file structure_36.pdb (PDB, C-alpha atoms and all ligand atoms)
ATOM      1  CA  MET J   1      62.039  20.046  44.822  1.00  0.00           C
ATOM      2  CA  ALA J   2      60.282  19.268  48.087  1.00  0.00           C
ATOM      3  CA  CYS J   3      63.587  18.517  49.794  1.00  0.00           C
ATOM      4  CA  LEU J   4      65.037  21.793  48.589  1.00  0.00           C
ATOM      5  CA  ILE J   5      62.079  23.747  49.935  1.00  0.00           C
ATOM      6  CA  LEU J   6      62.253  22.040  53.311  1.00  0.00           C
ATOM      7  CA  LYS J   7      65.958  22.721  53.568  1.00  0.00           C
ATOM      8  CA  HIS J   8      65.748  26.419  52.862  1.00  0.00           C
ATOM      9  CA  PHE J   9      62.358  27.365  54.226  1.00  0.00           C
ATOM     10  CA  VAL J  10      62.092  25.011  57.167  1.00  0.00           C
ATOM     11  CA  HIS J  11      60.954  27.822  59.482  1.00  0.00           C
ATOM     12  CA  GLU J  12      58.248  29.102  57.139  1.00  0.00           C
ATOM     13  CA  MET J  13      57.276  25.560  56.173  1.00  0.00           C
ATOM     14  CA  SER J  14      56.519  24.592  59.756  1.00  0.00           C
ATOM     15  CA  PHE J  15      54.323  27.688  60.152  1.00  0.00           C
ATOM     16  CA  ALA J  16      52.630  26.996  56.821  1.00  0.00           C
ATOM     17  CA  SER J  17      51.813  23.453  57.955  1.00  0.00           C
ATOM     18  CA  VAL J  18      50.240  24.743  61.152  1.00  0.00           C
ATOM     19  CA  ILE J  19      48.202  27.319  59.200  1.00  0.00           C
ATOM     20  CA  VAL J  20      46.997  24.699  56.699  1.00  0.00           C
ATOM     21  CA  GLU J  21      46.140  22.253  59.488  1.00  0.00           C
ATOM     22  CA  ASN J  22      44.092  24.810  61.399  1.00  0.00           C
ATOM     23  CA  ALA J  23      42.448  26.349  58.341  1.00  0.00           C
ATOM     24  CA  LEU J  24      41.374  22.890  57.187  1.00  0.00           C
ATOM     25  CA  ARG J  25      39.814  22.153  60.560  1.00  0.00           C
ATOM     26  CA  VAL J  26      37.881  25.439  60.556  1.00  0.00           C
ATOM     27  CA  ALA J  27      36.816  24.930  56.932  1.00  0.00           C
ATOM     28  CA  GLU J  28      35.571  21.406  57.632  1.00  0.00           C
ATOM     29  CA  GLU J  29      33.702  22.525  60.734  1.00  0.00           C
ATOM     30  CA  ASN J  30      31.914  25.050  58.529  1.00  0.00           C
ATOM     31  CA  GLY J  31      31.094  22.544  55.822  1.00  0.00           C
ATOM     32  CA  ALA J  32      33.337  24.197  53.253  1.00  0.00           C
ATOM     33  CA  LYS J  33      33.645  22.715  49.779  1.00  0.00           C
ATOM     34  CA  LYS J  34      36.477  25.027  48.879  1.00  0.00           C
ATOM     35  CA  VAL J  35      38.478  27.726  50.593  1.00  0.00           C
ATOM     36  CA  LYS J  36      38.954  31.023  48.759  1.00  0.00           C
ATOM     37  CA  SER J  37      41.328  32.808  51.066  1.00  0.00           C
ATOM     38  CA  VAL J  38      42.934  32.653  54.469  1.00  0.00           C
ATOM     39  CA  THR J  39      44.084  35.676  56.441  1.00  0.00           C
ATOM     40  CA  VAL J  40      46.725  35.230  59.089  1.00  0.00           C
ATOM     41  CA  VAL J  41      48.345  37.624  61.525  1.00  0.00           C
ATOM     42  CA  VAL J  42      51.991  36.872  62.153  1.00  0.00           C
ATOM     43  CA  GLY J  43      53.981  38.592  64.880  1.00  0.00           C
ATOM     44  CA  GLU J  44      57.128  40.247  63.559  1.00  0.00           C
ATOM     45  CA  LEU J  45      59.236  38.599  66.265  1.00  0.00           C
ATOM     46  CA  LEU J  46      58.594  35.245  64.608  1.00  0.00           C
ATOM     47  CA  LEU J  47      60.821  36.537  61.796  1.00  0.00           C
ATOM     48  CA  ILE J  48      58.657  35.117  59.053  1.00  0.00           C
ATOM     49  CA  ASN J  49      59.410  36.016  55.453  1.00  0.00           C
ATOM     50  CA  PRO J  50      55.920  36.632  53.992  1.00  0.00           C
ATOM     51  CA  ASP J  51      56.947  35.638  50.454  1.00  0.00           C
ATOM     52  CA  GLN J  52      58.407  32.373  51.660  1.00  0.00           C
ATOM     53  CA  LEU J  53      55.428  31.734  53.908  1.00  0.00           C
ATOM     54  CA  GLU J  54      53.080  32.277  50.980  1.00  0.00           C
ATOM     55  CA  PHE J  55      55.106  29.910  48.818  1.00  0.00           C
ATOM     56  CA  CYS J  56      55.191  27.261  51.544  1.00  0.00           C
ATOM     57  CA  TYR J  57      51.461  27.684  52.095  1.00  0.00           C
ATOM     58  CA  GLN J  58      50.828  26.956  48.408  1.00  0.00           C
ATOM     59  CA  VAL J  59      52.960  23.815  48.671  1.00  0.00           C
ATOM     60  CA  ALA J  60      51.430  22.663  51.973  1.00  0.00           C
ATOM     61  CA  SER J  61      47.855  23.202  50.770  1.00  0.00           C
ATOM     62  CA  GLN J  62      48.186  21.109  47.623  1.00  0.00           C
ATOM     63  CA  GLY J  63      45.699  18.269  47.436  1.00  0.00           C
ATOM     64  CA  THR J  64      43.410  19.825  50.066  1.00  0.00           C
ATOM     65  CA  ILE J  65      40.365  22.095  49.762  1.00  0.00           C
ATOM     66  CA  LEU J  66      42.790  24.934  50.425  1.00  0.00           C
ATOM     67  CA  GLU J  67      44.542  24.361  47.130  1.00  0.00           C
ATOM     68  CA  ASN J  68      44.724  27.529  44.972  1.00  0.00           C
ATOM     69  CA  SER J  69      43.403  29.703  47.776  1.00  0.00           C
ATOM     70  CA  ARG J  70      45.004  33.023  48.574  1.00  0.00           C
ATOM     71  CA  ILE J  71      46.873  33.687  51.789  1.00  0.00           C
ATOM     72  CA  GLU J  72      46.829  37.201  53.212  1.00  0.00           C
ATOM     73  CA  ILE J  73      49.606  37.848  55.672  1.00  0.00           C
ATOM     74  CA  GLU J  74      49.381  40.687  58.171  1.00  0.00           C
ATOM     75  CA  VAL J  75      52.412  41.419  60.280  1.00  0.00           C
ATOM     76  CA  ALA J  76      51.737  42.368  63.906  1.00  0.00           C
ATOM     77  CA  LYS J  77      54.186  44.845  65.411  1.00  0.00           C
ATOM     78  CA  ALA J  78      56.230  43.874  68.409  1.00  0.00           C
ATOM     79  CA  ASP J  79      55.005  45.336  71.666  1.00  0.00           C
ATOM     80  CA  ILE J  80      57.619  45.028  74.373  1.00  0.00           C
ATOM     81  CA  SER J  81      57.806  47.100  77.516  1.00  0.00           C
ATOM     82  CA  CYS J  82      59.745  47.191  80.733  1.00  0.00           C
ATOM     83  CA  VAL J  83      57.685  45.947  83.670  1.00  0.00           C
ATOM     84  CA  ASN J  84      59.597  48.289  85.965  1.00  0.00           C
ATOM     85  CA  CYS J  85      59.740  51.691  84.241  1.00  0.00           C
ATOM     86  CA  GLY J  86      57.422  51.108  81.296  1.00  0.00           C
ATOM     87  CA  LYS J  87      59.931  51.956  78.561  1.00  0.00           C
ATOM     88  CA  LYS J  88      58.781  50.611  75.201  1.00  0.00           C
ATOM     89  CA  TYR J  89      60.878  48.535  72.855  1.00  0.00           C
ATOM     90  CA  SER J  90      60.179  47.346  69.351  1.00  0.00           C
ATOM     91  CA  GLN J  91      62.992  44.818  69.299  1.00  0.00           C
ATOM     92  CA  PRO J  92      63.520  41.791  71.495  1.00  0.00           C
ATOM     93  CA  ILE J  93      65.552  42.649  74.545  1.00  0.00           C
ATOM     94  CA  TYR J  94      66.172  40.711  77.740  1.00  0.00           C
ATOM     95  CA  LEU J  95      66.597  43.483  80.249  1.00  0.00           C
ATOM     96  CA  CYS J  96      65.616  47.131  80.102  1.00  0.00           C
ATOM     97  CA  GLU J  97      68.440  49.368  78.890  1.00  0.00           C
ATOM     98  CA  ASP J  98      67.403  52.163  81.225  1.00  0.00           C
ATOM     99  CA  CYS J  99      66.748  50.449  84.530  1.00  0.00           C
ATOM    100  CA  GLY J 100      67.774  46.832  84.046  1.00  0.00           C
ATOM    101  CA  GLY J 101      64.243  45.620  84.761  1.00  0.00           C
ATOM    102  CA  PHE J 102      62.574  42.651  83.155  1.00  0.00           C
ATOM    103  CA  VAL J 103      60.570  43.210  80.003  1.00  0.00           C
ATOM    104  CA  SER J 104      57.289  41.667  78.983  1.00  0.00           C
ATOM    105  CA  VAL J 105      56.331  40.830  75.427  1.00  0.00           C
ATOM    106  CA  LYS J 106      52.682  41.663  74.738  1.00  0.00           C
ATOM    107  CA  GLY J 107      52.734  41.446  70.969  1.00  0.00           C
ATOM    108  CA  GLY J 108      54.870  40.284  68.117  1.00  0.00           C
ATOM    109  CA  LYS J 109      55.011  36.566  68.838  1.00  0.00           C
ATOM    110  CA  GLU J 110      51.474  35.673  67.877  1.00  0.00           C
ATOM    111  CA  MET J 111      50.208  33.684  64.946  1.00  0.00           C
ATOM    112  CA  ILE J 112      46.490  34.092  64.477  1.00  0.00           C
ATOM    113  CA  LEU J 113      44.160  32.619  61.926  1.00  0.00           C
ATOM    114  CA  LYS J 114      42.166  35.803  61.509  1.00  0.00           C
ATOM    115  CA  LYS J 115      39.763  35.099  58.664  1.00  0.00           C
ATOM    116  CA  ILE J 116      38.887  32.275  56.363  1.00  0.00           C
ATOM    117  CA  GLU J 117      36.751  32.764  53.289  1.00  0.00           C
ATOM    118  CA  ILE J 118      34.949  29.620  52.202  1.00  0.00           C
ATOM    119  CA  GLU J 119      32.581  28.361  49.535  1.00  0.00           C
ATOM    120  CA  ASN J 120      29.936  26.021  50.810  1.00  0.00           C
ATOM    121  CA  ARG J 121      27.166  26.296  48.270  1.00  0.00           C
ATOM    122  CA  ASP J 122      25.771  23.034  46.974  1.00  0.00           C
ATOM    123  CA  GLY J 123      26.222  22.308  43.304  1.00  0.00           C
ATOM    124  CA  GLY J 124      28.659  25.282  42.980  1.00  0.00           C
TER     125      GLY J 124
HETATM  126 ZN    ZN J 201      62.994  49.879  82.600  1.00  0.00          ZN
END
call {"tool": "encode", "arguments": {"input": "structure_36.pdb", "output": "C-alpha cells"}}
result
Amino acid sequence: MACLILKHFVHEMSFASVIVENALRVAEENGAKKVKSVTVVVGELLLINPDQLEFCYQVASQGTILENSRIEIEVAKADISCVNCGKKYSQPIYLCEDCGGFVSVKGGKEMILKKIEIENRDGG
C-alpha cells in the first residue's frame, strides 16, 4: 500500500511530508498534546491535487500528534505579470506575449502553513 501511494502521489507525498514536519515543529513549540487541524495555503502553480494531498497528509501524519487531524487546503491564485508592460497572466509563461518582456511570479508558487489548531490542556 505504501509503495503504491508513493508511486502515484509522489508529488503530493513530498509536500505532505513537509507540511507534517513543519506542523509538528510548530505544535511542539506550543506544547501541543494533540493537533485538531492544520490550514495550508498552496499556490496553484505547484499543481497540487487537494484530494491527494489530504490523503497523503493522513498517511504522513500517522503515529504523530497530527494523527486524525483535519487538513484545510486553500489554493492561492497565480499572480504573474510582465515586468516591462505590466500585462497580467494567470498561467505560467516565460516571456510576455505582448512585448516579449520577462515576467515575474508574485504568487502561485507558495506553500504556507497558515494556521494550526492545537489542544494543549492538561488532563484533556
Ligand atoms: Zn509585456
call {"tool": "resolve_selection", "arguments": {"input": "structure_36.pdb", "expression": "the PyMOL selection byres (((chain J and resi 40) around 12) and not hetatm)", "output": "ChimeraX atom specification"}}
result
/J:15-16,18-20,22-23,37-39,41-43,48,50,53-54,57,70-76,110-117
call {"tool": "residues_near_ligand", "arguments": {"input": "structure_36.pdb", "ligand": "ligand ZN 201 (chain J)", "cutoff": "6 Å", "atoms": "all atoms listed in the file", "output": "list in words"}}
result
Cys82, Asn84, Cys85, Gly86, Lys87, Cys96, Asp98, Cys99, Gly100 and Gly101 of chain J
call {"tool": "resolve_selection", "arguments": {"input": "structure_36.pdb", "expression": "the PyMOL selection byres (((chain J and resi 104) around 7) and not hetatm)", "output": "PDB file with C-alpha atoms, keeping the file's coordinate frame"}}
result
ATOM      1  CA  ILE J  80      57.619  45.028  74.373  1.00  0.00           C
ATOM      2  CA  SER J  81      57.806  47.100  77.516  1.00  0.00           C
ATOM      3  CA  CYS J  82      59.745  47.191  80.733  1.00  0.00           C
ATOM      4  CA  VAL J  83      57.685  45.947  83.670  1.00  0.00           C
ATOM      5  CA  PHE J 102      62.574  42.651  83.155  1.00  0.00           C
ATOM      6  CA  VAL J 103      60.570  43.210  80.003  1.00  0.00           C
ATOM      7  CA  VAL J 105      56.331  40.830  75.427  1.00  0.00           C
ATOM      8  CA  LYS J 106      52.682  41.663  74.738  1.00  0.00           C
TER       9      LYS J 106
END
call {"tool": "residues_near_point", "arguments": {"input": "structure_36.pdb", "point": "(55.1, 26.0, 51.9)", "cutoff": "9 Å", "atoms": "only C-alpha atoms", "output": "list in words"}}
result
Ile5, Leu6, Phe9, Val10, Glu12, Met13, Ser14, Phe15, Ala16, Ser17, Gln52, Leu53, Glu54, Phe55, Cys56, Tyr57, Gln58, Val59, Ala60 and Ser61 of chain J
call {"tool": "closest_residue", "arguments": {"input": "structure_36.pdb", "among": "J:Ser69, J:Arg25, J:Asp51, J:Gly63", "to": "Glu119 of chain J", "atoms": "all atoms listed in the file"}}
result
J:Ser69
call {"tool": "atom_distance", "arguments": {"input": "structure_36.pdb", "atom1": "atom CA of Asp79 of chain J", "atom2": "atom CA of Glu97 of chain J"}}
result
15.8 Å
call {"tool": "atom_distance", "arguments": {"input": "structure_36.pdb", "atom1": "atom CA of Lys77 of chain J", "atom2": "atom CA of Gly107 of chain J"}}
result
6.7 Å
call {"tool": "atom_distance", "arguments": {"input": "structure_36.pdb", "atom1": "atom CA of Ala32 of chain J", "atom2": "atom CA of Leu46 of chain J"}}
result
29.8 Å
call {"tool": "closest_residue", "arguments": {"input": "structure_36.pdb", "among": "J:Ile118, J:Lys88, J:Leu95, J:Asn49", "to": "Val26 of chain J", "atoms": "all atoms listed in the file"}}
result
J:Ile118
call {"tool": "resolve_selection", "arguments": {"input": "structure_36.pdb", "expression": "the PyMOL selection byres (((chain J and resi 45) around 8) and not hetatm)", "output": "list in words"}}
result
Gly43, Glu44, Leu46, Leu47, Ala78, Gln91, Pro92, Gly108 and Lys109 of chain J
call {"tool": "decode", "arguments": {"input": "structure_36.pdb", "residues": "chain J", "atoms": "C-alpha atoms", "output": "PDB file, in the first residue's frame"}}
result
ATOM      1  CA  MET J   1       0.000   0.000   0.000  1.00  0.00           C
ATOM      2  CA  ALA J   2       2.677   2.495   0.982  1.00  0.00           C
ATOM      3  CA  CYS J   3       4.663   1.739  -2.163  1.00  0.00           C
ATOM      4  CA  LEU J   4       1.598   2.255  -4.311  1.00  0.00           C
ATOM      5  CA  ILE J   5       0.891   5.625  -2.722  1.00  0.00           C
ATOM      6  CA  LEU J   6       4.466   6.791  -3.166  1.00  0.00           C
ATOM      7  CA  LYS J   7       4.454   5.745  -6.794  1.00  0.00           C
ATOM      8  CA  HIS J   8       1.297   7.576  -7.742  1.00  0.00           C
ATOM      9  CA  PHE J   9       1.291  10.544  -5.409  1.00  0.00           C
ATOM     10  CA  VAL J  10       4.993  11.224  -5.113  1.00  0.00           C
ATOM     11  CA  HIS J  11       4.489  14.957  -5.717  1.00  0.00           C
ATOM     12  CA  GLU J  12       1.731  15.340  -3.129  1.00  0.00           C
ATOM     13  CA  MET J  13       3.523  12.999  -0.734  1.00  0.00           C
ATOM     14  CA  SER J  14       6.638  15.154  -0.665  1.00  0.00           C
ATOM     15  CA  PHE J  15       4.516  18.236   0.088  1.00  0.00           C
ATOM     16  CA  ALA J  16       2.569  16.332   2.737  1.00  0.00           C
ATOM     17  CA  SER J  17       5.829  15.330   4.434  1.00  0.00           C
ATOM     18  CA  VAL J  18       6.991  18.936   4.528  1.00  0.00           C
ATOM     19  CA  ILE J  19       3.629  20.063   5.951  1.00  0.00           C
ATOM     20  CA  VAL J  20       3.678  17.347   8.633  1.00  0.00           C
ATOM     21  CA  GLU J  21       7.294  18.130   9.532  1.00  0.00           C
ATOM     22  CA  ASN J  22       6.620  21.839   9.941  1.00  0.00           C
ATOM     23  CA  ALA J  23       3.266  21.431  11.677  1.00  0.00           C
ATOM     24  CA  LEU J  24       4.861  19.060  14.183  1.00  0.00           C
ATOM     25  CA  ARG J  25       7.599  21.564  14.944  1.00  0.00           C
ATOM     26  CA  VAL J  26       5.085  24.375  15.499  1.00  0.00           C
ATOM     27  CA  ALA J  27       2.855  22.109  17.601  1.00  0.00           C
ATOM     28  CA  GLU J  28       5.766  21.016  19.789  1.00  0.00           C
ATOM     29  CA  GLU J  29       6.961  24.586  20.235  1.00  0.00           C
ATOM     30  CA  ASN J  30       3.481  25.402  21.519  1.00  0.00           C
ATOM     31  CA  GLY J  31       3.337  22.448  23.871  1.00  0.00           C
ATOM     32  CA  ALA J  32       0.553  20.731  21.957  1.00  0.00           C
ATOM     33  CA  LYS J  33      -0.765  17.379  23.137  1.00  0.00           C
ATOM     34  CA  LYS J  34      -2.818  16.917  20.015  1.00  0.00           C
ATOM     35  CA  VAL J  35      -3.405  18.802  16.802  1.00  0.00           C
ATOM     36  CA  LYS J  36      -7.001  19.336  15.685  1.00  0.00           C
ATOM     37  CA  SER J  37      -6.492  20.909  12.306  1.00  0.00           C
ATOM     38  CA  VAL J  38      -3.895  22.394  10.018  1.00  0.00           C
ATOM     39  CA  THR J  39      -4.605  25.019   7.382  1.00  0.00           C
ATOM     40  CA  VAL J  40      -2.238  25.369   4.472  1.00  0.00           C
ATOM     41  CA  VAL J  41      -2.138  27.724   1.516  1.00  0.00           C
ATOM     42  CA  VAL J  42      -0.871  26.096  -1.645  1.00  0.00           C
ATOM     43  CA  GLY J  43      -0.056  28.080  -4.768  1.00  0.00           C
ATOM     44  CA  GLU J  44      -1.904  26.804  -7.825  1.00  0.00           C
ATOM     45  CA  LEU J  45       1.321  26.707  -9.843  1.00  0.00           C
ATOM     46  CA  LEU J  46       2.527  23.871  -7.626  1.00  0.00           C
ATOM     47  CA  LEU J  47      -0.167  21.782  -9.332  1.00  0.00           C
ATOM     48  CA  ILE J  48      -1.223  20.042  -6.156  1.00  0.00           C
ATOM     49  CA  ASN J  49      -4.300  17.836  -6.193  1.00  0.00           C
ATOM     50  CA  PRO J  50      -6.034  18.756  -2.900  1.00  0.00           C
ATOM     51  CA  ASP J  51      -7.688  15.339  -2.521  1.00  0.00           C
ATOM     52  CA  GLN J  52      -4.395  13.553  -2.981  1.00  0.00           C
ATOM     53  CA  LEU J  53      -2.620  15.985  -0.685  1.00  0.00           C
ATOM     54  CA  GLU J  54      -5.226  15.377   2.001  1.00  0.00           C
ATOM     55  CA  PHE J  55      -4.863  11.622   1.612  1.00  0.00           C
ATOM     56  CA  CYS J  56      -1.069  11.828   1.757  1.00  0.00           C
ATOM     57  CA  TYR J  57      -1.290  14.087   4.797  1.00  0.00           C
ATOM     58  CA  GLN J  58      -3.373  11.458   6.606  1.00  0.00           C
ATOM     59  CA  VAL J  59      -0.767   8.819   5.752  1.00  0.00           C
ATOM     60  CA  ALA J  60       2.222  11.015   6.654  1.00  0.00           C
ATOM     61  CA  SER J  61       0.715  12.100   9.981  1.00  0.00           C
ATOM     62  CA  GLN J  62       0.063   8.592  11.272  1.00  0.00           C
ATOM     63  CA  GLY J  63       1.769   7.859  14.563  1.00  0.00           C
ATOM     64  CA  THR J  64       2.292  11.558  15.355  1.00  0.00           C
ATOM     65  CA  ILE J  65       0.208  14.048  17.349  1.00  0.00           C
ATOM     66  CA  LEU J  66      -1.174  15.127  13.986  1.00  0.00           C
ATOM     67  CA  GLU J  67      -2.903  11.806  13.501  1.00  0.00           C
ATOM     68  CA  ASN J  68      -6.654  12.175  12.780  1.00  0.00           C
ATOM     69  CA  SER J  69      -6.377  15.936  12.437  1.00  0.00           C
ATOM     70  CA  ARG J  70      -8.076  17.754   9.604  1.00  0.00           C
ATOM     71  CA  ILE J  71      -6.176  19.487   6.837  1.00  0.00           C
ATOM     72  CA  GLU J  72      -7.713  22.563   5.240  1.00  0.00           C
ATOM     73  CA  ILE J  73      -6.250  23.381   1.868  1.00  0.00           C
ATOM     74  CA  GLU J  74      -6.573  26.854   0.387  1.00  0.00           C
ATOM     75  CA  VAL J  75      -5.394  27.375  -3.149  1.00  0.00           C
ATOM     76  CA  ALA J  76      -3.618  30.671  -3.851  1.00  0.00           C
ATOM     77  CA  LYS J  77      -4.154  32.086  -7.330  1.00  0.00           C
ATOM     78  CA  ALA J  78      -1.218  32.619  -9.611  1.00  0.00           C
ATOM     79  CA  ASP J  79      -0.110  36.215  -9.905  1.00  0.00           C
ATOM     80  CA  ILE J  80       2.197  36.699 -12.856  1.00  0.00           C
ATOM     81  CA  SER J  81       2.903  39.964 -14.602  1.00  0.00           C
ATOM     82  CA  CYS J  82       5.221  41.324 -17.227  1.00  0.00           C
ATOM     83  CA  VAL J  83       7.981  43.452 -15.721  1.00  0.00           C
ATOM     84  CA  ASN J  84       8.045  45.553 -18.882  1.00  0.00           C
ATOM     85  CA  CYS J  85       4.423  46.370 -19.768  1.00  0.00           C
ATOM     86  CA  GLY J  86       2.615  45.064 -16.699  1.00  0.00           C
ATOM     87  CA  LYS J  87       0.315  42.637 -18.519  1.00  0.00           C
ATOM     88  CA  LYS J  88      -1.140  40.084 -16.114  1.00  0.00           C
ATOM     89  CA  TYR J  89      -1.107  36.349 -16.623  1.00  0.00           C
ATOM     90  CA  SER J  90      -2.737  33.595 -14.639  1.00  0.00           C
ATOM     91  CA  GLN J  91      -0.734  30.814 -16.237  1.00  0.00           C
ATOM     92  CA  PRO J  92       2.999  30.243 -16.212  1.00  0.00           C
ATOM     93  CA  ILE J  93       4.659  31.910 -19.150  1.00  0.00           C
ATOM     94  CA  TYR J  94       8.311  32.620 -19.864  1.00  0.00           C
ATOM     95  CA  LEU J  95       8.095  35.775 -21.904  1.00  0.00           C
ATOM     96  CA  CYS J  96       5.299  38.288 -22.292  1.00  0.00           C
ATOM     97  CA  GLU J  97       3.084  37.576 -25.297  1.00  0.00           C
ATOM     98  CA  ASP J  98       2.613  41.269 -25.991  1.00  0.00           C
ATOM     99  CA  CYS J  99       6.078  42.747 -25.672  1.00  0.00           C
ATOM    100  CA  GLY J 100       8.418  39.807 -25.167  1.00  0.00           C
ATOM    101  CA  GLY J 101       9.498  41.111 -21.764  1.00  0.00           C
ATOM    102  CA  PHE J 102      10.380  38.990 -18.780  1.00  0.00           C
ATOM    103  CA  VAL J 103       7.636  38.091 -16.347  1.00  0.00           C
ATOM    104  CA  SER J 104       7.772  37.923 -12.586  1.00  0.00           C
ATOM    105  CA  VAL J 105       5.833  35.459 -10.482  1.00  0.00           C
ATOM    106  CA  LYS J 106       4.465  37.097  -7.330  1.00  0.00           C
ATOM    107  CA  GLY J 107       2.015  34.417  -6.295  1.00  0.00           C
ATOM    108  CA  GLY J 108       1.044  30.873  -7.031  1.00  0.00           C
ATOM    109  CA  LYS J 109       4.221  29.069  -6.019  1.00  0.00           C
ATOM    110  CA  GLU J 110       3.911  29.443  -2.279  1.00  0.00           C
ATOM    111  CA  MET J 111       3.206  26.844   0.347  1.00  0.00           C
ATOM    112  CA  ILE J 112       2.289  28.404   3.654  1.00  0.00           C
ATOM    113  CA  LEU J 113       1.392  26.835   6.946  1.00  0.00           C
ATOM    114  CA  LYS J 114      -1.340  29.335   7.702  1.00  0.00           C
ATOM    115  CA  LYS J 115      -3.000  28.061  10.863  1.00  0.00           C
ATOM    116  CA  ILE J 116      -2.638  25.214  13.271  1.00  0.00           C
ATOM    117  CA  GLU J 117      -5.290  24.382  15.827  1.00  0.00           C
ATOM    118  CA  ILE J 118      -3.933  22.563  18.853  1.00  0.00           C
ATOM    119  CA  GLU J 119      -5.068  21.061  22.134  1.00  0.00           C
ATOM    120  CA  ASN J 120      -2.720  21.676  24.999  1.00  0.00           C
ATOM    121  CA  ARG J 121      -4.898  21.353  28.057  1.00  0.00           C
ATOM    122  CA  ASP J 122      -3.570  19.145  30.818  1.00  0.00           C
ATOM    123  CA  GLY J 123      -5.554  16.052  31.651  1.00  0.00           C
ATOM    124  CA  GLY J 124      -7.715  16.544  28.493  1.00  0.00           C
TER     125      GLY J 124
END
